[in-house]
Amino acid sequence: MLSDHIFRAYDIRGIYGKDFDENGAELIGKAYAAYLQELSPNRKLKIALGRDGRKSGEILEKAFLKGVVESGIDVVQIGMVSSPLLFFAICDGKFDGGVTITASHNPQEYNGFKLQRDHAHAICGEEIQKVLQIIHEKKFHVPKEKGTQSKMDFREIYFSKLRSLSNFSSEKKPKIVIDAGNGIMGNFAPDFFRNLGCEVIELYCEVDGTFPNHDADPEREENLQDLKKKVLEERADFGVAFDGDGDRVGILDDKGNHYSADLLLLLLSRDLLTRYPGASIVFDLKSTEVLSEEIQKLGGKALMCKTGHSFVEEMMEKEKALLGGEVSGHLFFAEDYYGYDDALLAAFKILTVVWNSGKKLEEHFADLRRTFITPEIKVKISEHEKFAIMKKIVQHFLTKYPDALTIDGIRIEFGEGAWGIIRVSNTSAYLTMRFEARSEEKLSEIQKIVFDHLEEYAEISGIPEVELM
């Protein structure tokens with residue numbers, strides 16, 4: 001059982017038992033092994049393998065492992081880990097690749113595979129389709145001998161590396177509420193911050209693949225309500241939320257206010273540019289225009305790219321950027337690090353910058369030009385027709401706004417500093433949108449223009465109503 005549509009832009013992800021099973025996982029393991037061996041022929045290869053806390057993770061790991069080992073590749077199992085810890089293991093252990101068995105923030109019935117090459121470079125886009133092609137053509141590698149299996153724990157090495165990258169300077173450490181959403185970060189984040197001397201209150205930090213309390217997705221406000229309540233009850237200095245596999249973060253201040261990741265990237269950009277004047281910083285095209293303005297004002301190079309962690313990573317490598325991020329909560333670090341997204345490191349750096357400054361988090365944004373911006377808006381769309389519908393949407397708006405940017409869906413410039421983006425989610429059956437303007441009236445106006453057109457498609461549902469101001 002293995003459906004082609006689970007081979008997505010960034011990873012392989014679908015419903016376990018419907019889209020794929022353990023036999024499919026074994027095929028993916030064989031195809032991944034063949035893919036790596038095509039890149040590095042006539043050489044003995046070794047990869048790291050980990051998984052998150054999902055119920056189907058253990059059986060899928062066993063099946064995937066079988067496929068890789070039978071293809072002649074050595075495998076080091078590193079246990080139940082976050083995706084960033086797996087990435088760290090690849091880099092620190094100088095592995096030829098690595099795989100996390102995870103479906104990130106998707107509901108409990110999902111699972112999947114994040115495939116990496118050496119240096120933790122994501123296998124994405126056309127490269128993932130090559131893995132699928134290997135399965136279709138059954139071009140598996142037949143080795144002279146099987147690979148080996150072993151185990152290794154990278155936890156303390158990883159913690160030590162992160163601690164070396166930033167440092168709380170105050171003797172009095174902050175009080176932090178951590179909401180892991182019952183994802184894998186419950187096994188890591190509380191201990192990491194306690195070891196720094198912080199007071200930590202745990203919320204949903206028991207790893208439970210059924211996600212009984214809320215989705216492990218810090219991008220969505222409804223998943224942050226319990227954290228906000230706990231921050232206020234405990235009079236904590238910060239609230240920190242993680243997604244299911246630990247590569248995305250959400251931050252709340254002492255009043256329970258949530259700050260979108262493009263603002264967090266702005267905070268980190270200011271800090272970075274004090275050490276590296278003129279540094280390049282990458283962000284996705286859903287980010288507030290204030291971010292680009294601030295980076296350029298401080299002498300940095302602002303680089304916009306397609307949404308998706310693999311696309312940010314690719315542009316950072318190409319442009320030698322030291323920092324990157326996207327609105328969904330992925331934040332990437334190449335200053336004395338490896339250039340991938342790491343939510344624990346992001347939380348550590350953000351809290352350090354704020355705490356060492358002696359100012360509240362909200363005060364760091366008090367001098368910014370005011371704009372009116374929506375959170376990410378998601379509307380449901382048919383999984384099998386979403387790309388075809390998106391193509392029609394792009395064609396419609398291009399006729400009206402020929403200067404629109406189409407590197408990822410469509411980003412429409414409406415004039416007067418107003419813009420809106422419409423794109424297809426590569427991981428779920430959604431269209432994702434975001435809008436920004438310099439007045440509430442203009443914000444309502446541009447949303448209505450887009451939503452009125454989306455109403456014409458029966459395949460799209462859950463479109464919000466907008467009343468003109």
# chains A, B, ... in the order shown; residues from 1 in each chain; ligands from 1
>>> residues_around(residues="region 327-342 of chain A", least_positions_apart="5", cutoff="8 Å", atoms="only C-alpha atoms", output="PyMOL selection string")
chain A and resi 84+87-88+91+119-120+165+218-219+246-250+260-262+265+284+286-287+309+313+316-317+321-322
>>> residues_around(residues="region 21-35 of chain A", least_positions_apart="2", cutoff="6 Å", atoms="only C-alpha atoms", output="NGL selection string")
:A and (1-2 or 16-17 or 37-38 or 60 or 63-64 or 67-68 or 131 or 134-135 or 140-141)
>>> write_last_selection(atoms="all heavy atoms", output="tab-separated table (two decimals), in the first residue's frame")
chain	number	residue	atom	x	y	z
A	1	MET	N	0.85	-1.19	0.00
A	1	MET	CA	0.00	0.00	0.00
A	1	MET	C	0.89	1.24	0.00
A	1	MET	O	1.63	1.49	0.94
A	1	MET	CB	-0.90	0.01	1.24
A	1	MET	CG	-1.90	1.17	1.27
A	1	MET	SD	-2.70	1.33	2.88
A	1	MET	CE	-3.51	-0.26	3.02
A	2	LEU	N	0.81	2.02	-1.09
A	2	LEU	CA	1.64	3.21	-1.19
A	2	LEU	C	1.08	4.13	-2.27
A	2	LEU	O	1.16	3.83	-3.46
A	2	LEU	CB	3.09	2.83	-1.53
A	2	LEU	CG	4.12	3.95	-1.48
A	2	LEU	CD1	4.21	4.56	-0.08
A	2	LEU	CD2	5.49	3.43	-1.92
A	16	TYR	N	-1.56	6.76	7.72
A	16	TYR	CA	-1.09	5.39	7.89
A	16	TYR	C	-2.28	4.44	7.86
A	16	TYR	O	-3.28	4.64	8.53
A	16	TYR	CB	-0.35	5.25	9.23
A	16	TYR	CG	0.00	3.82	9.57
A	16	TYR	CD1	0.90	3.11	8.79
A	16	TYR	CD2	-0.59	3.19	10.65
A	16	TYR	CE1	1.22	1.79	9.08
A	16	TYR	CE2	-0.27	1.86	10.97
A	16	TYR	CZ	0.63	1.17	10.18
A	16	TYR	OH	0.93	-0.12	10.47
A	17	GLY	N	-2.16	3.38	7.05
A	17	GLY	CA	-3.23	2.40	6.91
A	17	GLY	C	-4.18	2.70	5.77
A	17	GLY	O	-4.97	1.84	5.37
A	37	GLN	N	22.68	5.89	-2.94
A	37	GLN	CA	23.77	5.16	-3.59
A	37	GLN	C	24.03	5.67	-5.01
A	37	GLN	O	25.15	5.58	-5.51
A	37	GLN	CB	23.45	3.66	-3.58
A	37	GLN	CG	23.70	3.06	-2.19
A	37	GLN	CD	22.86	1.83	-1.90
A	37	GLN	OE1	21.80	1.63	-2.49
A	37	GLN	NE2	23.33	1.01	-0.98
A	38	GLU	N	23.00	6.23	-5.64
A	38	GLU	CA	23.22	6.89	-6.94
A	38	GLU	C	24.06	8.15	-6.78
A	38	GLU	O	24.88	8.48	-7.64
A	38	GLU	CB	21.87	7.24	-7.59
A	38	GLU	CG	21.15	6.06	-8.21
A	38	GLU	CD	19.88	6.49	-8.93
A	38	GLU	OE1	19.71	7.71	-9.18
A	38	GLU	OE2	19.05	5.61	-9.24
A	60	LEU	N	6.66	1.53	11.67
A	60	LEU	CA	7.16	2.10	10.42
A	60	LEU	C	8.69	2.18	10.44
A	60	LEU	O	9.33	1.96	9.41
A	60	LEU	CB	6.56	3.48	10.19
A	60	LEU	CG	5.06	3.50	9.84
A	60	LEU	CD1	4.56	4.93	9.75
A	60	LEU	CD2	4.79	2.76	8.52
A	63	ALA	N	10.03	-1.26	9.60
A	63	ALA	CA	9.89	-1.60	8.18
A	63	ALA	C	10.86	-0.80	7.31
A	63	ALA	O	11.51	-1.34	6.41
A	63	ALA	CB	8.45	-1.36	7.73
A	64	PHE	N	10.96	0.49	7.58
A	64	PHE	CA	11.87	1.36	6.83
A	64	PHE	C	13.32	0.88	7.02
A	64	PHE	O	14.10	0.80	6.06
A	64	PHE	CB	11.71	2.80	7.28
A	64	PHE	CG	12.55	3.78	6.52
A	64	PHE	CD1	12.09	4.37	5.36
A	64	PHE	CD2	13.82	4.13	6.98
A	64	PHE	CE1	12.86	5.28	4.66
A	64	PHE	CE2	14.60	5.04	6.28
A	64	PHE	CZ	14.13	5.61	5.12
A	67	GLY	N	14.19	-2.06	4.88
A	67	GLY	CA	14.44	-1.72	3.49
A	67	GLY	C	15.82	-1.12	3.27
A	67	GLY	O	16.49	-1.44	2.28
A	68	VAL	N	16.27	-0.27	4.20
A	68	VAL	CA	17.57	0.38	4.06
A	68	VAL	C	18.71	-0.61	4.29
A	68	VAL	O	19.67	-0.68	3.50
A	68	VAL	CB	17.69	1.57	5.03
A	68	VAL	CG1	19.08	2.19	4.95
A	68	VAL	CG2	16.64	2.63	4.71
A	131	VAL	N	12.76	9.63	-5.86
A	131	VAL	CA	12.59	8.48	-4.94
A	131	VAL	C	11.36	7.68	-5.35
A	131	VAL	O	11.39	6.44	-5.39
A	131	VAL	CB	12.48	8.98	-3.48
A	131	VAL	CG1	12.16	7.81	-2.54
A	131	VAL	CG2	13.76	9.68	-3.05
A	134	ILE	N	12.03	5.64	-8.48
A	134	ILE	CA	12.79	4.42	-8.19
A	134	ILE	C	11.84	3.30	-7.78
A	134	ILE	O	12.00	2.14	-8.19
A	134	ILE	CB	13.84	4.69	-7.09
A	134	ILE	CG1	14.95	5.59	-7.62
A	134	ILE	CG2	14.44	3.38	-6.56
A	134	ILE	CD1	15.90	6.12	-6.56
A	135	ILE	N	10.82	3.64	-6.99
A	135	ILE	CA	9.83	2.63	-6.57
A	135	ILE	C	9.05	2.13	-7.77
A	135	ILE	O	8.86	0.92	-7.96
A	135	ILE	CB	8.89	3.21	-5.51
A	135	ILE	CG1	9.66	3.51	-4.22
A	135	ILE	CG2	7.73	2.25	-5.22
A	135	ILE	CD1	8.87	4.25	-3.17
A	140	PHE	N	15.92	-0.86	-7.33
A	140	PHE	CA	16.51	-0.97	-6.01
A	140	PHE	C	17.94	-1.50	-6.10
A	140	PHE	O	18.29	-2.21	-7.04
A	140	PHE	CB	15.67	-1.87	-5.12
A	140	PHE	CG	14.23	-1.43	-5.01
A	140	PHE	CD1	13.19	-2.27	-5.37
A	140	PHE	CD2	13.92	-0.16	-4.56
A	140	PHE	CE1	11.86	-1.86	-5.26
A	140	PHE	CE2	12.60	0.27	-4.45
A	140	PHE	CZ	11.57	-0.58	-4.81
A	141	HIS	N	18.74	-1.16	-5.11
A	141	HIS	CA	20.13	-1.60	-5.08
A	141	HIS	C	20.22	-2.99	-4.47
A	141	HIS	O	19.65	-3.26	-3.41
A	141	HIS	CB	20.96	-0.62	-4.24
A	141	HIS	CG	22.41	-0.94	-4.19
A	141	HIS	ND1	23.24	-0.79	-5.27
A	141	HIS	CD2	23.19	-1.41	-3.18
A	141	HIS	CE1	24.46	-1.15	-4.93
A	141	HIS	NE2	24.47	-1.52	-3.67
>>> select_by_dssp(residues="region 132-366 of chain A", states="strand (DSSP E)", output="PyMOL selection string")
chain A and resi 149-151+175-179+199-203+238-242+249-252+258-259+280-284+301-305+323-325+331-333
>>> residues_around(residues="Asn106 (chain A)", least_positions_apart="5", cutoff="12 Å", atoms="only C-alpha atoms", output="list in words")
Arg13, Gly14, Ile15, Tyr16, Arg54, Asn111, Gly112, Gly181, Gly183, Gly209, Thr210, Phe211, His214, Asp215, Ala216, Asp217, Pro218, Asp243, Gly244, Asp245, Thr427, Ser428 and Ala429 of chain A
>>> closest_residue(among="A:Leu132, A:Met80, A:Ile412, A:Ile295", to="Val207 (chain A)", atoms="only C-alpha atoms")
A:Met80
>>> residues_around(residues="region 296-306 of chain A", least_positions_apart="3", cutoff="8 Å", atoms="only C-alpha atoms", output="VMD selection string")
chain A and resid 270 273 277 to 285 292 to 293 311 to 312 315 407 to 408
>>> select_by_dssp(residues="region 170-365 of chain A", states="alpha helix (DSSP H)", output="NGL selection string")
:A and (189-195 or 225-234 or 261-275 or 289-297 or 309-319 or 343-357)
>>> residues_around(residues="region 372-388 of chain A", least_positions_apart="5", cutoff="8 Å", atoms="only C-alpha atoms", output="list in words")
Ser260, Thr288, Val424, Ser428, Ala429, Tyr430, Leu431, Thr432, Met433, Arg434, Phe435, Glu436, Ala437, Arg438, Ser439, Glu440, Leu443, Glu459, Ile460, Ser461, Gly462 and Ile463 of chain A
>>> write_last_selection(atoms="N, CA, C and O atoms", output="PDB file, in the first residue's frame")
ATOM      1  N   SER A 260       3.967  36.515  15.718  1.00  0.00           N
ATOM      2  CA  SER A 260       4.188  35.696  14.528  1.00  0.00           C
ATOM      3  C   SER A 260       5.682  35.550  14.266  1.00  0.00           C
ATOM      4  O   SER A 260       6.496  36.398  14.666  1.00  0.00           O
ATOM      5  N   THR A 288       5.621  39.925   6.816  1.00  0.00           N
ATOM      6  CA  THR A 288       5.287  41.341   6.812  1.00  0.00           C
ATOM      7  C   THR A 288       6.355  42.159   6.086  1.00  0.00           C
ATOM      8  O   THR A 288       7.555  41.876   6.195  1.00  0.00           O
ATOM      9  N   VAL A 424      -1.110  27.105  -2.245  1.00  0.00           N
ATOM     10  CA  VAL A 424      -1.552  25.775  -1.851  1.00  0.00           C
ATOM     11  C   VAL A 424      -0.630  25.237  -0.770  1.00  0.00           C
ATOM     12  O   VAL A 424       0.595  25.332  -0.880  1.00  0.00           O
ATOM     13  N   SER A 428      -1.094  19.695   3.406  1.00  0.00           N
ATOM     14  CA  SER A 428      -2.486  19.468   3.807  1.00  0.00           C
ATOM     15  C   SER A 428      -3.422  19.950   2.706  1.00  0.00           C
ATOM     16  O   SER A 428      -3.014  20.630   1.763  1.00  0.00           O
ATOM     17  N   ALA A 429      -4.711  19.602   2.863  1.00  0.00           N
ATOM     18  CA  ALA A 429      -5.723  19.979   1.873  1.00  0.00           C
ATOM     19  C   ALA A 429      -6.263  21.380   2.183  1.00  0.00           C
ATOM     20  O   ALA A 429      -7.430  21.564   2.549  1.00  0.00           O
ATOM     21  N   TYR A 430      -5.390  22.381   2.037  1.00  0.00           N
ATOM     22  CA  TYR A 430      -5.747  23.764   2.343  1.00  0.00           C
ATOM     23  C   TYR A 430      -5.189  24.712   1.296  1.00  0.00           C
ATOM     24  O   TYR A 430      -4.142  24.453   0.689  1.00  0.00           O
ATOM     25  N   LEU A 431      -5.893  25.832   1.129  1.00  0.00           N
ATOM     26  CA  LEU A 431      -5.290  27.031   0.573  1.00  0.00           C
ATOM     27  C   LEU A 431      -4.883  27.890   1.758  1.00  0.00           C
ATOM     28  O   LEU A 431      -5.629  28.013   2.733  1.00  0.00           O
ATOM     29  N   THR A 432      -3.724  28.488   1.677  1.00  0.00           N
ATOM     30  CA  THR A 432      -3.229  29.354   2.737  1.00  0.00           C
ATOM     31  C   THR A 432      -3.146  30.781   2.222  1.00  0.00           C
ATOM     32  O   THR A 432      -2.660  31.010   1.107  1.00  0.00           O
ATOM     33  N   MET A 433      -3.617  31.724   3.031  1.00  0.00           N
ATOM     34  CA  MET A 433      -3.615  33.130   2.630  1.00  0.00           C
ATOM     35  C   MET A 433      -3.128  34.008   3.775  1.00  0.00           C
ATOM     36  O   MET A 433      -3.229  33.635   4.942  1.00  0.00           O
ATOM     37  N   ARG A 434      -2.622  35.178   3.397  1.00  0.00           N
ATOM     38  CA  ARG A 434      -2.282  36.204   4.376  1.00  0.00           C
ATOM     39  C   ARG A 434      -2.380  37.564   3.692  1.00  0.00           C
ATOM     40  O   ARG A 434      -2.090  37.670   2.484  1.00  0.00           O
ATOM     41  N   PHE A 435      -2.778  38.575   4.441  1.00  0.00           N
ATOM     42  CA  PHE A 435      -2.990  39.908   3.884  1.00  0.00           C
ATOM     43  C   PHE A 435      -2.392  40.963   4.808  1.00  0.00           C
ATOM     44  O   PHE A 435      -2.410  40.812   6.038  1.00  0.00           O
ATOM     45  N   GLU A 436      -1.893  42.049   4.206  1.00  0.00           N
ATOM     46  CA  GLU A 436      -1.348  43.157   4.983  1.00  0.00           C
ATOM     47  C   GLU A 436      -1.694  44.468   4.295  1.00  0.00           C
ATOM     48  O   GLU A 436      -1.690  44.566   3.061  1.00  0.00           O
ATOM     49  N   ALA A 437      -1.998  45.496   5.077  1.00  0.00           N
ATOM     50  CA  ALA A 437      -2.306  46.826   4.550  1.00  0.00           C
ATOM     51  C   ALA A 437      -1.958  47.862   5.604  1.00  0.00           C
ATOM     52  O   ALA A 437      -1.694  47.525   6.766  1.00  0.00           O
ATOM     53  N   ARG A 438      -2.004  49.124   5.201  1.00  0.00           N
ATOM     54  CA  ARG A 438      -1.646  50.207   6.119  1.00  0.00           C
ATOM     55  C   ARG A 438      -2.856  50.809   6.811  1.00  0.00           C
ATOM     56  O   ARG A 438      -2.720  51.758   7.584  1.00  0.00           O
ATOM     57  N   SER A 439      -4.037  50.265   6.524  1.00  0.00           N
ATOM     58  CA  SER A 439      -5.249  50.669   7.236  1.00  0.00           C
ATOM     59  C   SER A 439      -6.181  49.473   7.325  1.00  0.00           C
ATOM     60  O   SER A 439      -6.113  48.550   6.504  1.00  0.00           O
ATOM     61  N   GLU A 440      -7.046  49.487   8.316  1.00  0.00           N
ATOM     62  CA  GLU A 440      -8.011  48.396   8.456  1.00  0.00           C
ATOM     63  C   GLU A 440      -8.981  48.370   7.288  1.00  0.00           C
ATOM     64  O   GLU A 440      -9.416  47.296   6.858  1.00  0.00           O
ATOM     65  N   LEU A 443      -7.318  46.690   4.386  1.00  0.00           N
ATOM     66  CA  LEU A 443      -7.171  45.260   4.675  1.00  0.00           C
ATOM     67  C   LEU A 443      -8.473  44.522   4.385  1.00  0.00           C
ATOM     68  O   LEU A 443      -8.476  43.458   3.753  1.00  0.00           O
ATOM     69  N   GLU A 459     -15.008  23.515  -4.974  1.00  0.00           N
ATOM     70  CA  GLU A 459     -14.002  22.671  -4.319  1.00  0.00           C
ATOM     71  C   GLU A 459     -13.392  23.339  -3.083  1.00  0.00           C
ATOM     72  O   GLU A 459     -12.625  22.704  -2.347  1.00  0.00           O
ATOM     73  N   ILE A 460     -13.699  24.626  -2.867  1.00  0.00           N
ATOM     74  CA  ILE A 460     -13.143  25.369  -1.731  1.00  0.00           C
ATOM     75  C   ILE A 460     -14.247  25.630  -0.715  1.00  0.00           C
ATOM     76  O   ILE A 460     -15.353  26.025  -1.076  1.00  0.00           O
ATOM     77  N   SER A 461     -13.964  25.401   0.557  1.00  0.00           N
ATOM     78  CA  SER A 461     -14.969  25.622   1.602  1.00  0.00           C
ATOM     79  C   SER A 461     -14.336  26.298   2.810  1.00  0.00           C
ATOM     80  O   SER A 461     -13.120  26.293   2.978  1.00  0.00           O
ATOM     81  N   GLY A 462     -15.193  26.878   3.655  1.00  0.00           N
ATOM     82  CA  GLY A 462     -14.722  27.520   4.879  1.00  0.00           C
ATOM     83  C   GLY A 462     -14.153  28.901   4.663  1.00  0.00           C
ATOM     84  O   GLY A 462     -13.332  29.377   5.464  1.00  0.00           O
ATOM     85  N   ILE A 463     -14.592  29.584   3.599  1.00  0.00           N
ATOM     86  CA  ILE A 463     -14.093  30.925   3.313  1.00  0.00           C
ATOM     87  C   ILE A 463     -14.704  31.907   4.311  1.00  0.00           C
ATOM     88  O   ILE A 463     -15.922  31.972   4.464  1.00  0.00           O
TER      89      ILE A 463
END
>>> closest_residue(among="A:Ile176, A:Ile73, A:Pro402, A:Leu49", to="Pro190 (chain A)", atoms="only C-alpha atoms")
A:Ile176
>>> atom_distance(atom1="CA of Asp253 (chain A)", atom2="CA of Asn195 (chain A)")
21.5 Å
>>> residues_around(residues="Val394 (chain A)", least_positions_apart="6", cutoff="9 Å", atoms="only C-alpha atoms", output="number ranges by chain")
A: 406, 409-410, 422
>>> write_last_selection(atoms="all heavy atoms", output="PDB file, in the first residue's frame")
ATOM      1  N   THR A 406       4.558  35.239  -8.792  1.00  0.00           N
ATOM      2  CA  THR A 406       3.997  33.882  -8.915  1.00  0.00           C
ATOM      3  C   THR A 406       5.022  32.791  -8.624  1.00  0.00           C
ATOM      4  O   THR A 406       4.916  31.689  -9.134  1.00  0.00           O
ATOM      5  CB  THR A 406       3.394  33.666 -10.316  1.00  0.00           C
ATOM      6  OG1 THR A 406       4.405  33.907 -11.312  1.00  0.00           O
ATOM      7  CG2 THR A 406       2.214  34.592 -10.550  1.00  0.00           C
ATOM      8  N   GLY A 409       2.309  30.107  -5.624  1.00  0.00           N
ATOM      9  CA  GLY A 409       0.946  30.591  -5.681  1.00  0.00           C
ATOM     10  C   GLY A 409       0.963  31.954  -6.322  1.00  0.00           C
ATOM     11  O   GLY A 409       1.590  32.166  -7.364  1.00  0.00           O
ATOM     12  N   ILE A 410       0.323  32.920  -5.684  1.00  0.00           N
ATOM     13  CA  ILE A 410       0.361  34.291  -6.203  1.00  0.00           C
ATOM     14  C   ILE A 410       0.360  35.285  -5.054  1.00  0.00           C
ATOM     15  O   ILE A 410      -0.403  35.154  -4.099  1.00  0.00           O
ATOM     16  CB  ILE A 410      -0.821  34.549  -7.168  1.00  0.00           C
ATOM     17  CG1 ILE A 410      -0.688  35.921  -7.830  1.00  0.00           C
ATOM     18  CG2 ILE A 410      -2.175  34.394  -6.471  1.00  0.00           C
ATOM     19  CD1 ILE A 410      -1.583  36.103  -9.044  1.00  0.00           C
ATOM     20  N   ILE A 422      -1.986  34.024  -1.916  1.00  0.00           N
ATOM     21  CA  ILE A 422      -2.795  32.807  -1.955  1.00  0.00           C
ATOM     22  C   ILE A 422      -1.880  31.696  -2.447  1.00  0.00           C
ATOM     23  O   ILE A 422      -1.248  31.828  -3.507  1.00  0.00           O
ATOM     24  CB  ILE A 422      -3.986  32.919  -2.934  1.00  0.00           C
ATOM     25  CG1 ILE A 422      -4.651  34.286  -2.844  1.00  0.00           C
ATOM     26  CG2 ILE A 422      -4.995  31.799  -2.700  1.00  0.00           C
ATOM     27  CD1 ILE A 422      -5.444  34.650  -4.080  1.00  0.00           C
TER      28      ILE A 422
END
